[in-house]
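**Q** What follows is a structure written as structure tokens; I'll ask about it next.
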Amino acid sequence: MKSFKDKLISLLPEVEKPARYTGGEWNVPHKSENVRAKFCFCFPDLYEIGMSNLGLQILYDEINRREDFAAERCYAPKTDLAEKMRENGIPLLSLESGTPLADFDIVGFSVQFELLYTNILYMLDLAGIPFLAADRGEEYPILLAGGPCAVNPEPFADFFDCVVIGEGEGVDIAVLELVAEGKEKGWNKKEILERAKSITGVYVPALHKEGETVTKAVVQDFENSVYPERPLVPNVEAVHDRVTLELYRGCASGCRFCQAGYYYRPIRERSPEKCADYGKKMVEATGYGEISMCSLSTGDYSGLQKLMDELKPFVHEKHVTLALPSLRLSSFNGEMAQESRRSSLTFAPEAGTQRLSNVINKNVTDEEIDNIGKAFEAGYDNVKLYFMLGLPTETDEDIAGIAEICRRLRELYIKIRGKRGLGISVSCAVFIPKPCTPFQWEEQISMPEMLRKQNYLRGLLRSIKGVTFSWHGAESSVLEAALARGDKKLSAVIKRAYELGAKFDSWTEQFDWNAWTQAFEDCGVNMSDYTGALDVDKPLPWDFIDTGVTKRYLEKQRELAYQGITTKNCREGCNGCGANKLGRCTII
């Protein structure tokens with residue numbers, strides 16, 4: 001009788017990109033079956049997206065370094081394979097051993113983005129695991145969630161036994177230790193979860209009492225924290241097919257719309273010597289031809305020049321490219337442009353005018369925008385610019401400023417290069433008020449206003465040669481805002497949306513707005529309750545989480561925003577956000 005894995009493999013010639021589902025990638029560890037506990041990491045999107053996720057690679061590597069534990073992986077299969085799995089009675093399996101998800105001790109979901117929520121249910125459905133924690137008996141694994149969306153876990157909390165708030169290094173190991181001990185001592189699931197509550201960063205929704213606080217988990221010794229020196233090499237081209245070096249966590253800039261910049265504080269840097277060592281080892285272990293510097297603002301890393309000097313002989317010898325994403329205009333210099341050797345550079349001014357830049361605390365001046373000229377001097381002919389529409393206090397004059405920036409760059413390019421030919425790619429997201437930011441209380445602009453602003457900017461950019469314009473969908477932006485600031489009522493909405501066919505919501509061709517609006521209506525929940533302005537004096541669904549950054553600090557930053565007053569970069573001195581109480585900020 002064929003195993004589930006054998007049956008699955010026999011179906012692969014009939015689906016798109018069968019190598020997504022075969023496993024056996026380069027650098028996959030070979031683990032003994034004789035382990036104390038097994039953990040399956042689930043990424044609720046396609047293989048090539050999930051294989052690009054650094055966080056999953058770090059935690060996968062951390063667990064598999066232990067001889068007594070095993071970590072495996074599972075990604076969301078595309079619908080063509082899912083249909084065939086259902087037809088042939090094949091449950092969702094792990095890549096490494098072909099084990100059904102329901103047979104693991106822990107199944108952990110990496111929740112990176114609000115529009116992935118229905119894909120959690122899609123994967124549980126394929127695995128034959130009940131959606132709600134309350135409906136799962138002792139025969140089912142402990143379900144755990146983590147990732148950026150855990151900053152407000154309430155919309156999906158009912159689906160999970162545990163949610164890891166903050167950074168997973170060490171926490172996943174602690175939960176595995178607990179589960180392994182529970183197996184050995186015969187504890188039931190409730191007994192395990194009662195003990196899990198005492199682990200810093202672990203939220204147990206079913207056992208959480210009103211008034212209790214869950215403190216975010218923070219890696220204290222970031223310099224020596226685990227890092228995958230032999231990362232997995234995907235079987236098909238991934239979105240980010242390269243070596244990724246995480247330079248530091250957190251961000252010193254304090255942009256008032258940016259959730260990650262506040263959530264991942266305190267700011268902790270890794271030394272340039274350690275980063276260079278990791279980069280060399282990872283290239284040797286993978287054969288990749290590119291090293292990408294990873295952080296929220298790469299140019300702000302204090303050891304960037306030293307790191308580039310350390311890597312320069314190696315990358316020249318190995319013919320490896322250095323990539324510098326997430327650059328700040330003020331920190332960019334010509335030597336960086338020469339060494340990165342990319343066809344285009346990416347900057348994120350976010351706002352079109354100095355006034356609005358001050359409101360959002362972007363701290364980008366008109367003079368710094370001219371700093372892009374250094375890239376033109378180094379031979380760059382293409383620039384990608386990221387902006388945001390619908391920011392608090394934004395006017396049409398601010399939007400017109402985006403077009404003016406493009407004109408200035410075009411003139412600067414002609415002045416420096418003596419010719420036309422600059423390509424400018426303008427991408428505009430819609431502002432989404434996110435938890436743990438000074439703008440967490442703000443109203444999102446209406447859908448008609450989103451469309452009006454997009455059309456207005458498109459008309460302005462049409463008259464500038466060499467500019468291409470892309471924008472985010474209005475419907476998906478509204479949904480993202482509702483889910484980001486949601487409460488526990490939204491678990492029923494997510495479940496109903498999935499029942500109505502919603503899945504792969506982050507993919508434009510799959511997004512079903514009608515399913516979501518019907519789900520909200522069927523559940524008697526108003527989407528506008530979550531997208532409108534929130535009362536500063538009322539409790540928020542995520543208030544029980546201590547992220548380090550105090551609510552009063554966020555309120556003060558909001559007040560400064562409406563006064564157009566900026567706050568200095570954390571590298572110039574501590575602003576007193578409160579994150580230091582959870583760990584030492586290494587830049588001050």
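Residue numbers start at 1 in each chain; chains themselves are named A, B, ... in the order of the structure tokens; ligands are numbered from 1 in the order shown.
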Using DSSP assignments from the backbone, pull out every residue in stretch 202-394 of chain A that falls under alpha helix (DSSP H) and give it to me as a VMD selection string.

**A** chain A and resid 259 to 263 272 to 286 304 to 318 334 to 340 354 to 359 366 to 369 373 to 377

**Q** Restricting the calculation to only C-alpha atoms: of A:Ile587, A:Leu307, A:Leu324, A:Val315, which residue gets closest to A:Ser295?

**A**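 Among the listed residues, the smallest separation from A:Ser295 belongs to A:Leu324.
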
**Q** Set the distance at 9 Å and use only C-alpha atoms: which residues neighbour A:Gly50 once local chain neighbours fewer than 6 positions away are removed? I'd like the list as a list in words.

**A**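 That gives Cys42, Phe43, Pro44, Leu56, Tyr75, Ala76, Ala238 and Val239 of chain A.
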
**Q** Put those residues in a file: N, CA, C and O atoms, as a JSON list (two decimals), in the first residue's frame.

**A**
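Generated file (selection_26.json):
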```json
[["chain", "number", "residue", "atom", "x", "y", "z"],
["A", 42, "CYS", "N", 4.76, 25.87, 9.45],
["A", 42, "CYS", "CA", 3.85, 26.09, 8.33],
["A", 42, "CYS", "C", 3.92, 27.54, 7.89],
["A", 42, "CYS", "O", 3.79, 28.46, 8.72],
["A", 43, "PHE", "N", 4.12, 27.74, 6.61],
["A", 43, "PHE", "CA", 4.10, 29.08, 6.06],
["A", 43, "PHE", "C", 2.88, 29.17, 5.14],
["A", 43, "PHE", "O", 2.80, 28.45, 4.13],
["A", 44, "PRO", "N", 1.90, 30.02, 5.47],
["A", 44, "PRO", "CA", 0.62, 30.02, 4.74],
["A", 44, "PRO", "C", 0.65, 30.76, 3.41],
["A", 44, "PRO", "O", -0.23, 31.58, 3.12],
["A", 56, "LEU", "N", 11.80, 32.10, 9.42],
["A", 56, "LEU", "CA", 11.54, 30.66, 9.43],
["A", 56, "LEU", "C", 12.86, 29.89, 9.32],
["A", 56, "LEU", "O", 13.05, 28.88, 10.01],
["A", 75, "TYR", "N", 4.43, 24.26, 3.28],
["A", 75, "TYR", "CA", 3.98, 25.51, 2.66],
["A", 75, "TYR", "C", 2.59, 25.27, 2.06],
["A", 75, "TYR", "O", 2.19, 24.13, 1.81],
["A", 76, "ALA", "N", 1.87, 26.34, 1.82],
["A", 76, "ALA", "CA", 0.53, 26.21, 1.27],
["A", 76, "ALA", "C", 0.61, 25.72, -0.17],
["A", 76, "ALA", "O", 1.23, 26.37, -1.01],
["A", 238, "ALA", "N", 13.16, 31.18, -5.73],
["A", 238, "ALA", "CA", 12.39, 31.86, -4.70],
["A", 238, "ALA", "C", 12.34, 33.35, -4.99],
["A", 238, "ALA", "O", 13.09, 33.88, -5.81],
["A", 239, "VAL", "N", 11.46, 34.04, -4.29],
["A", 239, "VAL", "CA", 11.34, 35.49, -4.47],
["A", 239, "VAL", "C", 12.65, 36.18, -4.13],
["A", 239, "VAL", "O", 13.09, 37.09, -4.83]]
```

**Q** May I have a table of the residues of stretch 215-281 of chain A lying at most 10 Å from stretch 137-153 of chain A, giving each one's closest pair of atoms and their distance in Å to one decimal, counting only C-alpha atoms, ordered by chain and ascending residue number, as JSON lines?

**A**
```
{"residue": "A:Lys216", "atom": "CA", "partner": "A:Val151", "partner_atom": "CA", "distance": 8.9}
{"residue": "A:Gln259", "atom": "CA", "partner": "A:Pro148", "partner_atom": "CA", "distance": 8.8}
{"residue": "A:Ala260", "atom": "CA", "partner": "A:Pro148", "partner_atom": "CA", "distance": 7.6}
{"residue": "A:Tyr263", "atom": "CA", "partner": "A:Val151", "partner_atom": "CA", "distance": 7.4}
{"residue": "A:Tyr264", "atom": "CA", "partner": "A:Pro148", "partner_atom": "CA", "distance": 9.2}
```

**Q** Compare A:Val218, A:Leu385, A:Leu304, A:Cys251 by their minimum atom-to-atom distance to A:Arg584, counting only C-alpha atoms, and give me the closest one.

**A**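 Between A:Val218, A:Leu385, A:Leu304, A:Cys251, the residue approaching A:Arg584 most closely is A:Val218.
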
**Q** Report, in Å to a single decimal, how far apart atom CA of A:Thr531 and atom CA of A:Gln444 are.

**A**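 Straight-line distance from atom CA of A:Gln444 to atom CA of A:Thr531 works out to 5.6 Å.
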